[in-house]
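The data block below is upload_27.cif; it holds mmCIF, C-alpha atoms (C1' of nucleotides).
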data_entry
loop_
_atom_site.label_atom_id
_atom_site.label_comp_id
_atom_site.auth_asym_id
_atom_site.auth_seq_id
_atom_site.Cartn_x
_atom_site.Cartn_y
_atom_site.Cartn_z
CA MET R 1 7.13 4.75 -34.33
CA SER R 2 9.05 2.51 -36.71
CA SER R 3 7.57 -0.61 -38.25
CA LYS R 4 9.80 -2.76 -36.13
CA GLU R 5 8.71 -1.07 -32.92
CA TYR R 6 5.09 -1.29 -33.98
CA ILE R 7 5.44 -5.02 -34.58
CA LEU R 8 7.15 -5.45 -31.22
CA GLN R 9 4.49 -3.49 -29.38
CA THR R 10 1.74 -5.53 -31.00
CA ALA R 11 3.59 -8.76 -30.38
CA VAL R 12 3.85 -7.93 -26.69
CA THR R 13 0.08 -7.59 -26.47
CA LEU R 14 -0.63 -10.76 -28.42
CA PHE R 15 1.98 -12.89 -26.63
CA SER R 16 0.74 -11.67 -23.26
CA LYS R 17 -2.84 -12.57 -24.16
CA GLN R 18 -2.29 -15.88 -25.97
CA GLY R 19 1.13 -17.12 -24.96
CA PHE R 20 3.95 -18.16 -27.25
CA SER R 21 2.33 -21.07 -29.02
CA GLY R 22 -1.11 -19.51 -28.93
CA MET R 23 -0.12 -16.57 -31.10
CA SER R 24 0.53 -17.21 -34.79
CA MET R 25 2.76 -15.17 -37.04
CA ARG R 26 -0.20 -14.74 -39.37
CA ASP R 27 -2.32 -13.25 -36.57
CA LEU R 28 0.45 -10.84 -35.73
CA ALA R 29 0.94 -9.85 -39.37
CA LYS R 30 -2.77 -9.22 -39.73
CA SER R 31 -2.78 -7.10 -36.56
CA VAL R 32 -0.08 -4.82 -37.93
CA ASN R 33 -1.55 -4.81 -41.47
CA MET R 34 1.43 -6.45 -43.09
CA SER R 35 2.16 -9.68 -44.86
CA THR R 36 3.67 -12.52 -42.88
CA SER R 37 6.95 -12.28 -44.73
CA ALA R 38 7.22 -8.59 -43.90
CA VAL R 39 7.41 -9.59 -40.25
CA TYR R 40 10.17 -12.04 -41.18
CA HIS R 41 12.02 -9.17 -42.78
CA HIS R 42 12.43 -7.62 -39.32
CA PHE R 43 12.84 -10.75 -37.20
CA PRO R 44 14.57 -14.00 -38.14
CA ASN R 45 11.94 -16.28 -36.54
CA LYS R 46 9.19 -16.52 -33.98
CA GLN R 47 11.47 -17.39 -31.10
CA ALA R 48 13.72 -14.38 -31.68
CA LEU R 49 10.68 -12.14 -32.04
CA TYR R 50 9.35 -13.41 -28.73
CA LEU R 51 12.60 -12.73 -26.90
CA ASP R 52 12.78 -9.27 -28.44
CA ALA R 53 9.19 -8.62 -27.40
CA VAL R 54 9.89 -9.65 -23.81
CA HIS R 55 12.92 -7.37 -23.74
CA PHE R 56 10.89 -4.55 -25.22
CA ALA R 57 8.10 -4.87 -22.66
CA PHE R 58 10.50 -5.04 -19.75
CA ALA R 59 12.67 -2.16 -20.91
CA LYS R 60 9.67 0.15 -20.93
CA GLN R 61 9.24 -0.34 -17.17
CA ALA R 62 12.88 0.00 -16.19
CA SER R 63 12.61 3.68 -15.32
CA ALA R 64 9.24 3.51 -13.61
CA PHE R 65 10.84 3.24 -10.19
CA ASP R 66 13.46 5.95 -10.58
CA GLU R 67 11.69 8.45 -8.35
CA VAL R 68 11.03 5.96 -5.57
CA TRP R 69 14.45 5.55 -4.04
CA GLN R 70 15.33 9.19 -3.42
CA ALA R 71 17.96 9.46 -0.72
CA GLU R 72 16.33 12.06 1.46
CA LEU R 73 13.24 10.02 2.22
CA ALA R 74 12.68 7.96 5.34
CA ALA R 75 12.76 4.19 4.96
CA ASP R 76 9.07 3.62 5.56
CA GLU R 77 8.23 6.38 3.10
CA LYS R 78 10.43 4.69 0.51
CA LEU R 79 8.67 1.40 1.07
CA SER R 80 5.33 3.09 0.79
CA ARG R 81 6.28 4.69 -2.51
CA PHE R 82 7.65 1.44 -3.87
CA VAL R 83 4.46 -0.44 -3.08
CA SER R 84 2.34 2.27 -4.66
CA CYS R 85 4.52 2.32 -7.73
CA LEU R 86 4.51 -1.45 -8.10
CA VAL R 87 0.74 -1.58 -7.75
CA ARG R 88 0.38 1.13 -10.37
CA VAL R 89 2.77 -0.46 -12.87
CA LEU R 90 1.28 -3.94 -12.57
CA SER R 91 -2.30 -2.69 -12.73
CA THR R 92 -1.76 -0.26 -15.56
CA ASP R 93 0.49 -2.19 -17.92
CA VAL R 94 -1.47 -5.40 -18.12
CA ASP R 95 0.63 -6.75 -20.98
CA PHE R 96 3.79 -6.37 -18.94
CA ARG R 97 2.34 -8.20 -15.96
CA ARG R 98 0.91 -11.05 -17.99
CA LEU R 99 4.11 -11.47 -19.95
CA MET R 100 6.04 -11.63 -16.70
CA GLN R 101 3.67 -14.23 -15.26
CA ARG R 102 4.03 -16.27 -18.42
CA GLU R 103 7.79 -16.05 -18.22
CA LEU R 104 7.64 -17.33 -14.65
CA LEU R 105 5.74 -20.34 -15.99
CA ASP R 106 7.57 -20.99 -19.23
CA ALA R 107 11.10 -19.61 -19.09
CA ASP R 108 14.07 -21.88 -18.74
CA ASP R 109 16.84 -21.17 -16.26
CA GLY R 110 18.76 -18.94 -18.66
CA ARG R 111 15.77 -16.71 -19.34
CA MET R 112 15.04 -16.69 -15.60
CA GLN R 113 18.53 -15.41 -14.98
CA LEU R 114 18.04 -12.67 -17.56
CA LEU R 115 14.71 -11.73 -16.02
CA ALA R 116 16.37 -11.48 -12.62
CA LYS R 117 19.28 -9.37 -13.82
CA GLU R 118 17.48 -7.07 -16.24
CA VAL R 119 14.13 -6.51 -14.59
CA PHE R 120 14.30 -7.28 -10.89
CA GLN R 121 17.81 -6.97 -9.58
CA GLU R 122 18.13 -3.21 -9.26
CA GLN R 123 14.76 -2.68 -7.59
CA PHE R 124 15.31 -5.73 -5.47
CA CYS R 125 18.56 -4.38 -4.05
CA HIS R 126 16.97 -1.05 -3.22
CA LEU R 127 14.08 -2.82 -1.58
CA MET R 128 16.36 -5.01 0.50
CA ALA R 129 18.27 -1.95 1.70
CA VAL R 130 15.06 -0.30 2.84
CA ILE R 131 13.83 -3.42 4.58
CA GLU R 132 17.15 -3.77 6.37
CA GLN R 133 16.59 -0.34 7.86
CA LEU R 134 13.05 -1.14 8.91
CA SER R 135 13.47 -4.64 10.21
CA GLU R 136 15.64 -6.60 12.58
CA SER R 137 15.14 -9.73 10.56
CA ARG R 138 18.11 -11.53 9.09
CA GLN R 139 16.02 -12.74 6.16
CA VAL R 140 16.01 -9.57 4.12
CA HIS R 141 15.98 -11.40 0.80
CA PHE R 142 12.91 -13.34 1.78
CA SER R 143 11.12 -10.26 3.08
CA ALA R 144 11.79 -8.34 -0.13
CA LEU R 145 10.54 -11.29 -2.12
CA SER R 146 7.41 -11.33 0.01
CA VAL R 147 6.65 -7.70 -0.73
CA ILE R 148 6.83 -8.24 -4.48
CA ALA R 149 5.00 -11.55 -4.34
CA LEU R 150 2.17 -10.07 -2.32
CA VAL R 151 1.52 -7.25 -4.76
CA CYS R 152 1.91 -9.37 -7.89
CA ASP R 153 -0.47 -12.09 -6.88
CA ILE R 154 -3.12 -9.83 -5.37
CA ILE R 155 -3.37 -8.15 -8.75
CA GLN R 156 -3.20 -11.41 -10.64
CA MET R 157 -5.99 -12.90 -8.56
CA GLN R 158 -8.37 -9.99 -9.06
CA PRO R 159 -10.55 -11.69 -11.69
CA LEU R 160 -10.86 -14.65 -9.33
CA SER R 161 -11.37 -12.57 -6.22
CA ARG R 162 -14.43 -10.99 -7.79
CA HIS R 163 -16.25 -14.30 -7.36
CA LEU R 164 -15.25 -14.91 -3.75
CA PRO R 165 -17.44 -13.89 -0.81
CA GLY R 166 -16.90 -10.47 0.73
CA TRP R 167 -15.59 -8.84 -2.43
CA GLN R 168 -16.16 -5.13 -2.87
CA ALA R 169 -15.49 -2.94 -5.86
CA GLU R 170 -13.14 -0.69 -3.91
CA HIS R 171 -10.82 -3.67 -3.46
CA GLU R 172 -9.61 -3.07 -6.99
CA GLN R 173 -8.75 0.58 -6.64
CA LEU R 174 -5.05 1.20 -6.82
CA ASP R 175 -4.86 3.33 -3.69
CA PHE R 176 -6.82 0.81 -1.67
CA ILE R 177 -4.55 -2.05 -2.69
CA ALA R 178 -1.40 -0.08 -1.99
CA GLU R 179 -2.62 1.11 1.39
CA HIS R 180 -3.75 -2.30 2.51
CA VAL R 181 -0.57 -4.02 1.38
CA LEU R 182 1.57 -1.47 3.15
CA ASN R 183 -0.50 -1.80 6.27
CA LEU R 184 -0.11 -5.56 6.19
CA LEU R 185 3.62 -5.26 5.72
CA MET R 186 4.05 -2.83 8.58
CA ASN R 187 1.70 -4.37 11.11
CA GLY R 188 0.63 -7.85 10.04
CA ILE R 189 -2.99 -8.84 9.64
CA LYS R 190 -3.89 -7.89 13.19
CA SER R 191 -3.98 -4.20 12.52
CA LYS R 192 -7.15 -2.20 12.43
CA GLY R 193 -6.93 -1.09 8.74
CA MET V 194 -6.13 -46.81 -12.69
CA SER V 195 -8.43 -46.76 -15.71
CA SER V 196 -7.28 -45.63 -19.13
CA LYS V 197 -9.39 -42.53 -18.83
CA GLU V 198 -7.88 -41.57 -15.50
CA TYR V 199 -4.40 -42.28 -16.83
CA ILE V 200 -5.01 -39.99 -19.80
CA LEU V 201 -6.37 -37.28 -17.50
CA GLN V 202 -3.44 -37.54 -15.14
CA THR V 203 -0.97 -37.31 -18.01
CA ALA V 204 -2.91 -34.46 -19.61
CA VAL V 205 -2.72 -32.51 -16.36
CA THR V 206 1.06 -32.76 -16.40
CA LEU V 207 1.40 -31.85 -20.06
CA PHE V 208 -1.10 -28.97 -19.95
CA SER V 209 0.56 -27.57 -16.86
CA LYS V 210 3.98 -27.69 -18.53
CA GLN V 211 3.06 -26.51 -22.03
CA GLY V 212 -0.28 -24.79 -21.77
CA PHE V 213 -3.39 -25.51 -23.80
CA SER V 214 -2.12 -24.69 -27.28
CA GLY V 215 1.40 -25.90 -26.53
CA MET V 216 0.31 -29.47 -25.93
CA SER V 217 -0.78 -31.52 -28.92
CA MET V 218 -3.15 -34.45 -28.85
CA ARG V 219 -0.43 -36.51 -30.56
CA ASP V 220 2.06 -35.70 -27.79
CA LEU V 221 -0.47 -36.77 -25.22
CA ALA V 222 -1.30 -39.98 -27.08
CA LYS V 223 2.38 -40.83 -27.32
CA SER V 224 2.84 -40.17 -23.60
CA VAL V 225 0.13 -42.65 -22.70
CA ASN V 226 1.22 -45.16 -25.37
CA MET V 227 -1.99 -44.96 -27.33
CA SER V 228 -3.07 -43.84 -30.74
CA THR V 229 -4.50 -40.37 -31.11
CA SER V 230 -7.93 -41.75 -31.92
CA ALA V 231 -7.91 -43.80 -28.73
CA VAL V 232 -7.80 -40.55 -26.78
CA TYR V 233 -10.78 -39.32 -28.80
CA HIS V 234 -12.62 -42.44 -27.76
CA HIS V 235 -12.58 -41.14 -24.18
CA PHE V 236 -12.92 -37.41 -24.79
CA PRO V 237 -14.90 -35.63 -27.51
CA ASN V 238 -12.27 -32.97 -28.23
CA LYS V 239 -9.26 -31.13 -26.87
CA GLN V 240 -11.26 -28.42 -25.15
CA ALA V 241 -13.38 -30.91 -23.22
CA LEU V 242 -10.30 -32.89 -22.29
CA TYR V 243 -8.68 -29.75 -20.96
CA LEU V 244 -11.67 -28.84 -18.81
CA ASP V 245 -11.84 -32.40 -17.50
CA ALA V 246 -8.14 -32.28 -16.72
CA VAL V 247 -8.47 -29.03 -14.80
CA HIS V 248 -11.37 -30.49 -12.83
CA PHE V 249 -9.38 -33.64 -12.17
CA ALA V 250 -6.34 -31.76 -10.89
CA PHE V 251 -8.40 -29.52 -8.65
CA ALA V 252 -10.56 -32.31 -7.25
CA LYS V 253 -7.47 -34.12 -6.01
CA GLN V 254 -6.66 -31.19 -3.71
CA ALA V 255 -10.16 -30.61 -2.38
CA SER V 256 -9.62 -32.69 0.75
CA ALA V 257 -6.10 -31.51 1.49
CA PHE V 258 -7.30 -28.90 3.93
CA ASP V 259 -9.82 -31.01 5.80
CA GLU V 260 -7.70 -31.38 8.92
CA VAL V 261 -6.82 -27.67 9.12
CA TRP V 262 -10.05 -26.18 10.33
CA GLN V 263 -10.69 -28.33 13.38
CA ALA V 264 -13.01 -26.56 15.77
CA GLU V 265 -11.03 -27.03 18.97
CA LEU V 266 -7.96 -25.15 17.76
CA ALA V 267 -7.13 -21.55 18.52
CA ALA V 268 -7.45 -19.08 15.64
CA ASP V 269 -3.73 -18.44 15.26
CA GLU V 270 -3.06 -22.15 15.31
CA LYS V 271 -5.61 -22.62 12.55
CA LEU V 272 -3.96 -19.94 10.47
CA SER V 273 -0.58 -21.51 11.05
CA ARG V 274 -1.82 -24.89 9.91
CA PHE V 275 -3.49 -23.40 6.85
CA VAL V 276 -0.32 -21.65 5.76
CA SER V 277 1.74 -24.80 6.27
CA CYS V 278 -0.78 -26.84 4.34
CA LEU V 279 -0.98 -24.37 1.48
CA VAL V 280 2.79 -24.21 1.20
CA ARG V 281 2.97 -27.99 1.17
CA VAL V 282 0.25 -28.45 -1.45
CA LEU V 283 1.60 -25.80 -3.82
CA SER V 284 5.20 -26.97 -3.47
CA THR V 285 4.44 -30.65 -3.75
CA ASP V 286 1.86 -30.77 -6.52
CA VAL V 287 3.63 -28.67 -9.10
CA ASP V 288 1.17 -29.56 -11.84
CA PHE V 289 -1.73 -28.31 -9.75
CA ARG V 290 -0.04 -25.01 -9.04
CA ARG V 291 1.02 -24.38 -12.61
CA LEU V 292 -2.40 -25.29 -13.96
CA MET V 293 -3.95 -22.86 -11.52
CA GLN V 294 -1.57 -20.08 -12.55
CA ARG V 295 -2.36 -20.76 -16.19
CA GLU V 296 -6.07 -20.63 -15.47
CA LEU V 297 -5.57 -17.25 -13.81
CA LEU V 298 -3.98 -16.08 -17.06
CA ASP V 299 -6.19 -17.77 -19.62
CA ALA V 300 -9.60 -18.51 -18.16
CA ASP V 301 -12.63 -16.47 -19.14
CA ASP V 302 -15.07 -15.17 -16.54
CA GLY V 303 -17.13 -18.34 -16.51
CA ARG V 304 -14.14 -20.56 -15.81
CA MET V 305 -12.97 -18.04 -13.22
CA GLN V 306 -16.32 -18.38 -11.48
CA LEU V 307 -15.99 -22.16 -11.51
CA LEU V 308 -12.48 -21.93 -10.12
CA ALA V 309 -13.72 -19.70 -7.33
CA LYS V 310 -16.64 -21.92 -6.40
CA GLU V 311 -15.05 -25.33 -6.76
CA VAL V 312 -11.51 -24.73 -5.57
CA PHE V 313 -11.28 -21.64 -3.43
CA GLN V 314 -14.60 -20.79 -1.88
CA GLU V 315 -14.71 -23.27 0.98
CA GLN V 316 -11.16 -22.66 2.16
CA PHE V 317 -11.60 -18.97 1.64
CA CYS V 318 -14.60 -18.82 3.98
CA HIS V 319 -12.78 -20.74 6.67
CA LEU V 320 -9.80 -18.46 6.28
CA MET V 321 -11.93 -15.33 6.53
CA ALA V 322 -13.54 -16.63 9.71
CA VAL V 323 -10.16 -17.19 11.30
CA ILE V 324 -8.88 -13.78 10.26
CA GLU V 325 -11.99 -12.17 11.66
CA GLN V 326 -11.10 -13.65 15.04
CA LEU V 327 -7.51 -12.49 14.83
CA SER V 328 -7.95 -9.04 13.41
CA GLU V 329 -9.89 -5.91 14.00
CA SER V 330 -9.77 -5.05 10.33
CA ARG V 331 -12.95 -4.60 8.37
CA GLN V 332 -11.29 -5.85 5.22
CA VAL V 333 -11.38 -9.56 5.93
CA HIS V 334 -11.81 -10.51 2.29
CA PHE V 335 -8.74 -8.59 1.31
CA SER V 336 -6.68 -10.01 4.15
CA ALA V 337 -7.62 -13.56 3.25
CA LEU V 338 -6.74 -12.86 -0.35
CA SER V 339 -3.39 -11.52 0.79
CA VAL V 340 -2.56 -14.69 2.68
CA ILE V 341 -3.18 -16.87 -0.35
CA ALA V 342 -1.49 -14.46 -2.74
CA LEU V 343 1.60 -14.26 -0.60
CA VAL V 344 2.10 -18.01 -0.47
CA CYS V 345 1.26 -18.61 -4.14
CA ASP V 346 3.62 -16.07 -5.56
CA ILE V 347 6.51 -16.78 -3.22
CA ILE V 348 6.46 -20.33 -4.51
CA GLN V 349 5.91 -19.26 -8.09
CA MET V 350 8.86 -16.89 -7.94
CA GLN V 351 11.30 -19.44 -6.57
CA PRO V 352 13.07 -20.12 -9.88
CA LEU V 353 13.53 -16.37 -10.27
CA SER V 354 14.47 -15.75 -6.66
CA ARG V 355 17.41 -18.13 -7.05
CA HIS V 356 19.12 -15.53 -9.23
CA LEU V 357 18.52 -12.55 -6.96
CA PRO V 358 21.07 -11.37 -4.40
CA GLY V 359 20.84 -12.76 -0.89
CA TRP V 360 19.29 -16.04 -1.87
CA GLN V 361 19.95 -19.04 0.31
CA ALA V 362 19.05 -22.67 -0.25
CA GLU V 363 17.04 -22.83 2.98
CA HIS V 364 14.65 -20.26 1.52
CA GLU V 365 13.07 -23.07 -0.46
CA GLN V 366 12.43 -25.43 2.41
CA LEU V 367 8.76 -25.84 3.13
CA ASP V 368 9.03 -25.22 6.87
CA PHE V 369 11.08 -22.10 6.36
CA ILE V 370 8.58 -20.63 3.92
CA ALA V 371 5.62 -21.43 6.12
CA GLU V 372 7.29 -20.02 9.23
CA HIS V 373 8.39 -16.83 7.54
CA VAL V 374 5.02 -16.22 5.92
CA LEU V 375 3.21 -16.76 9.19
CA ASN V 376 5.61 -14.45 10.96
CA LEU V 377 5.05 -11.78 8.36
CA LEU V 378 1.30 -12.15 8.64
CA MET V 379 1.30 -11.91 12.42
CA ASN V 380 3.86 -9.16 12.89
CA GLY V 381 4.64 -7.44 9.60
CA ILE V 382 8.14 -7.16 8.24
CA LYS V 383 9.47 -5.43 11.33
CA SER V 384 9.65 -8.57 13.38
CA LYS V 385 12.89 -10.25 14.32
CA GLY V 386 12.33 -13.58 12.46
"C1'" DC C 387 23.70 14.73 -65.32
"C1'" DA C 388 22.26 10.29 -66.15
"C1'" DA C 389 22.91 5.52 -65.75
"C1'" DT C 390 24.04 2.00 -62.67
"C1'" DA C 391 24.06 -0.66 -58.67
"C1'" DC C 392 22.35 -1.55 -54.33
"C1'" DC C 393 19.52 -1.39 -50.16
"C1'" DT C 394 15.36 -1.40 -47.48
"C1'" DA C 395 10.70 -2.58 -46.93
"C1'" DC C 396 7.38 -4.72 -48.36
"C1'" DC C 397 4.35 -8.19 -51.44
"C1'" DT C 398 2.15 -12.91 -53.27
"C1'" DA C 399 2.64 -17.63 -53.49
"C1'" DA C 400 4.06 -21.59 -51.99
"C1'" DC C 401 6.83 -25.16 -49.32
"C1'" DG C 402 6.66 -29.02 -45.99
"C1'" DT C 403 4.99 -30.00 -41.37
"C1'" DT C 404 1.97 -30.40 -37.73
"C1'" DC C 405 -2.41 -29.67 -35.96
"C1'" DG C 406 -7.31 -31.27 -34.35
"C1'" DT C 407 -10.33 -34.46 -35.82
"C1'" DT C 408 -12.76 -38.33 -38.27
"C1'" DC C 409 -13.44 -42.70 -40.69
"C1'" DG C 410 -13.53 -47.57 -41.12
"C1'" DG C 411 -11.87 -51.55 -39.25
"C1'" DT C 412 -10.41 -55.10 -35.49
"C1'" DA C 413 -9.71 -57.48 -31.44
"C1'" DT C 414 -11.62 -58.37 -26.67
"C1'" DT C 415 -15.20 -59.02 -23.46
"C1'" DA C 416 -19.80 -59.44 -21.38
"C1'" DT X 417 -24.18 -60.29 -30.61
"C1'" DA X 418 -23.56 -56.03 -29.08
"C1'" DA X 419 -20.77 -52.89 -26.66
"C1'" DT X 420 -16.11 -51.40 -25.39
"C1'" DA X 421 -11.51 -50.10 -26.31
"C1'" DC X 422 -8.44 -49.63 -29.29
"C1'" DC X 423 -5.72 -49.12 -34.15
"C1'" DG X 424 -3.82 -47.09 -38.87
"C1'" DA X 425 -4.77 -43.96 -42.29
"C1'" DA X 426 -6.41 -40.02 -43.83
"C1'" DC X 427 -8.88 -35.26 -44.06
"C1'" DG X 428 -8.61 -30.23 -44.37
"C1'" DA X 429 -6.93 -26.40 -41.97
"C1'" DA X 430 -3.42 -23.83 -39.86
"C1'" DC X 431 1.25 -23.54 -38.75
"C1'" DG X 432 6.36 -21.55 -39.25
"C1'" DT X 433 9.09 -20.44 -42.81
"C1'" DT X 434 11.10 -19.47 -47.50
"C1'" DA X 435 11.55 -18.14 -52.44
"C1'" DG X 436 11.22 -14.82 -55.70
"C1'" DG X 437 9.69 -10.44 -57.09
"C1'" DT X 438 8.61 -5.22 -56.95
"C1'" DA X 439 8.60 -0.27 -55.70
"C1'" DG X 440 11.16 3.40 -54.01
"C1'" DG X 441 15.03 5.60 -52.07
"C1'" DT X 442 20.13 6.37 -51.96
"C1'" DA X 443 24.76 6.04 -53.13
"C1'" DT X 444 28.28 5.34 -56.87
"C1'" DT X 445 30.19 6.12 -61.07
"C1'" DG X 446 31.19 7.26 -66.10
#

Just give me the structure as structure tokens.
Amino acid sequence: MSSKEYILQTAVTLFSKQGFSGMSMRDLAKSVNMSTSAVYHHFPNKQALYLDAVHFAFAKQASAFDEVWQAELAADEKLSRFVSCLVRVLSTDVDFRRLMQRELLDADDGRMQLLAKEVFQEQFCHLMAVIEQLSESRQVHFSALSVIALVCDIIQMQPLSRHLPGWQAEHEQLDFIAEHVLNLLMNGIKSKG
Amino acid sequence: MSSKEYILQTAVTLFSKQGFSGMSMRDLAKSVNMSTSAVYHHFPNKQALYLDAVHFAFAKQASAFDEVWQAELAADEKLSRFVSCLVRVLSTDVDFRRLMQRELLDADDGRMQLLAKEVFQEQFCHLMAVIEQLSESRQVHFSALSVIALVCDIIQMQPLSRHLPGWQAEHEQLDFIAEHVLNLLMNGIKSKG
DNA sequence: CAATACCTACCTAACGTTCGTTCGGTATTA
DNA sequence: TAATACCGAACGAACGTTAGGTAGGTATTG
């Protein structure tokens, strides 16, 4: 891995943990065992480094969903695979998830547009197509949004959920989350799950 | 309103917009038309001010759900009212929502515990009780979590959702969100909504 | 072939600014 | 007169950033 990639990788972790203004260029330099000015040799300033880091983190996940939308699968099987995949990605790559959450809080409209186009749009279209097959609803956009929102926030709320009554350790297992989410999506909360 | 309350109120807004390290004590002092040292007359340091501000923001919402859990209502009516109320609170009090999202990203386990006990626990128990009446599922905790997660993240993702295909302006109206979420919870995505 | 120029990838040291915080003083009020 | 609520000025530390220099590789040229 090149120096530049190594800096980016490290920056992703630090930004995701401490946010933009919480991470200092000196911290980053120390983490990659370089001088501060060496970092400035690769990136013009902190802002540009941050944007590059966000790009870098998001690009790594672009292909994670490639195997989900295979044509020969039934619609409900596609949905099931997507949910499983989303749960896995968001649980495994913590930096990616946290960076995304921070972008949702901090990004301006331009960055939001980029986030939509580069990270979400493709998967979102696939997801809408599947939902259209499964549902008679006219609000496909909203349903697709609901699927993503449900998974994202369940995972984000895990450290909180641990301190709420009725919590069990199995609630944090990837398969359990995926199965429950899918069950909720297909049948609502009334189901026997 | 006292000076202290005014500082707290302003701090809530600034912290929610810029995060802990993004907001400076000088910014805050300027926003409340005081000197920096005047702020330090009311709060010992930035950390304590932040914790007070979080408390302050959360305390304001404690009573928002009081009218939801009235005993003489049917379970599905209670759930409906809770969803509507949650959508209203999170959409209306933007500072509260953003501060909560930031706490989910930044808080350590102790603060997470506090957040659970002081903000969520009471509503969460009520919600679990209602779900237990509605559902045959054994995973009441997880279902309750799903309800909250769904609403939170749908609202959080609104600025992103605007740039995804199929978006319509009505998707951001409070009644529409509440109705769609409730419909999803009761019937899954298959329903006609 | 050897001397030259140039580039990349780093370094140390420092610039000016902003940060959280404190000190000493001053009105106002009870 | 003693407490409360403020102020301006300053402290040292940390911040983003830049200047100037060096070591090593590579290409150019006499």

Which residues match the PyMOL selection byres ((chain V and resi 233) around 12) in the file above, as a compact mmCIF listing (two decimals) with C-alpha atoms (C1' of nucleotides), keeping the file's coordinate frame?
# COMPACT_ATOMS: atom_id res chain seq x y z
CA LYS V 197 -9.39 -42.53 -18.83
CA ILE V 200 -5.01 -39.99 -19.80
CA MET V 218 -3.15 -34.45 -28.85
CA ARG V 219 -0.43 -36.51 -30.56
CA LEU V 221 -0.47 -36.77 -25.22
CA ALA V 222 -1.30 -39.98 -27.08
CA MET V 227 -1.99 -44.96 -27.33
CA SER V 228 -3.07 -43.84 -30.74
CA THR V 229 -4.50 -40.37 -31.11
CA SER V 230 -7.93 -41.75 -31.92
CA ALA V 231 -7.91 -43.80 -28.73
CA VAL V 232 -7.80 -40.55 -26.78
CA HIS V 234 -12.62 -42.44 -27.76
CA HIS V 235 -12.58 -41.14 -24.18
CA PHE V 236 -12.92 -37.41 -24.79
CA PRO V 237 -14.90 -35.63 -27.51
CA ASN V 238 -12.27 -32.97 -28.23
CA LYS V 239 -9.26 -31.13 -26.87
CA GLN V 240 -11.26 -28.42 -25.15
CA ALA V 241 -13.38 -30.91 -23.22
CA LEU V 242 -10.30 -32.89 -22.29
C1' DG C 406 -7.31 -31.27 -34.35
C1' DT C 407 -10.33 -34.46 -35.82
C1' DT C 408 -12.76 -38.33 -38.27
C1' DA X 421 -11.51 -50.10 -26.31
C1' DC X 422 -8.44 -49.63 -29.29

Kindly provide the residues of chain R that approach chain V to within 6 Å, each paired with its closest atom pair and their distance in Å to one decimal, based on all atoms listed in the file, listed by chain and increasing number, as CSV.
residue,atom,partner,partner_atom,distance
R:Ser21,CA,V:Gly215,CA,5.5
R:Gly22,CA,V:Ser214,CA,5.5
R:Met112,CA,V:Leu353,CA,5.5
R:Gln113,CA,V:His356,CA,5.8
R:Ala116,CA,V:His356,CA,6.0
R:Ser135,CA,V:Lys383,CA,4.2
R:Glu136,CA,V:Lys385,CA,4.9
R:Ser137,CA,V:Lys385,CA,4.4
R:His141,CA,V:Gly359,CA,5.3
R:Ala149,CA,V:Asp346,CA,4.9
R:Leu150,CA,V:Leu343,CA,4.6
R:Asp153,CA,V:Ala342,CA,4.9
R:Ile154,CA,V:Ala342,CA,5.6
R:Leu160,CA,V:Met305,CA,5.6
R:His163,CA,V:Gln306,CA,5.8
R:Gly166,CA,V:His334,CA,5.3
R:Leu185,CA,V:Gly381,CA,4.6
R:Met186,CA,V:Gly381,CA,4.8
R:Asn187,CA,V:Gly381,CA,4.5
R:Gly188,CA,V:Gly381,CA,4.1
R:Ile189,CA,V:Leu378,CA,5.5
R:Lys190,CA,V:Ser328,CA,4.2
R:Lys192,CA,V:Ser330,CA,4.4
R:Gly193,CA,V:Ser330,CA,5.1

Residues at most 8 Å from range 431-436 of chain X, counting only C-alpha atoms (C1' of nucleotides), excluding those fewer than 3 positions away in the same chain, as a list in words?
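Neighbouring residues, sequence-local ones excluded: Ser24, Met25 and Lys46 of chain R; DC401, DT403, DT404 and DC405 of chain C.
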
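Note that CA of Arg81 in chain R and CA of Glu179 in chain R are 10.4 Å apart.
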
Which residues match the PyMOL selection byres ((chain X and resi 419) around 9) in the file above, as a ChimeraX atom specification?
/C:415-416 /X:418,420

So that I can see what lies close to DG441 in chain X, please list as a compact mmCIF listing (two decimals) with C-alpha atoms (C1' of nucleotides), keeping the file's coordinate frame the residues with an atom at most 12 Å from it, counting all atoms listed in the file and leaving out residues fewer than 5 positions away in the same chain.
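Ended up saving to out-v3.txt:
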# COMPACT_ATOMS: atom_id res chain seq x y z
C1' DC C 392 22.35 -1.55 -54.33
C1' DC C 393 19.52 -1.39 -50.16
C1' DT C 394 15.36 -1.40 -47.48
C1' DA C 395 10.70 -2.58 -46.93

Looking at X:DG446, X:DT438, X:DA429, X:DG424, which one is nearest to chain V, with distances taken over all atoms listed in the file?
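The shortest atom-to-atom distance to chain V comes from X:DG424.
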
Using only C-alpha atoms (C1' of nucleotides) for the distances, tell me which of C:DC409, C:DT398, C:DA389, C:DT414 is nearest to chain V.
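Result for the nearest residue to chain V: C:DC409.
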
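Separating CA of Phe208 in chain V from CA of Ala257 in chain V is a distance of 22.2 Å.
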
I'd like the box whose edges run along x, y and z of the file and which contains every listed atom of range 387-405 of chain C, padded by 3 Å per side; could you state its centre and edge lengths in Å, one decimal, as AutoDock Vina command-line options?
--center_x 10.8 --center_y -7.8 --center_z -51.1 --size_x 32.5 --size_y 51.1 --size_z 36.2

As an exercise, work out the distance from CA of Lys60 in chain R to CA of Phe96 in chain R in Å and give it to one decimal place.
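Pair CA of Lys60 in chain R / CA of Phe96 in chain R returns 9.0 Å.
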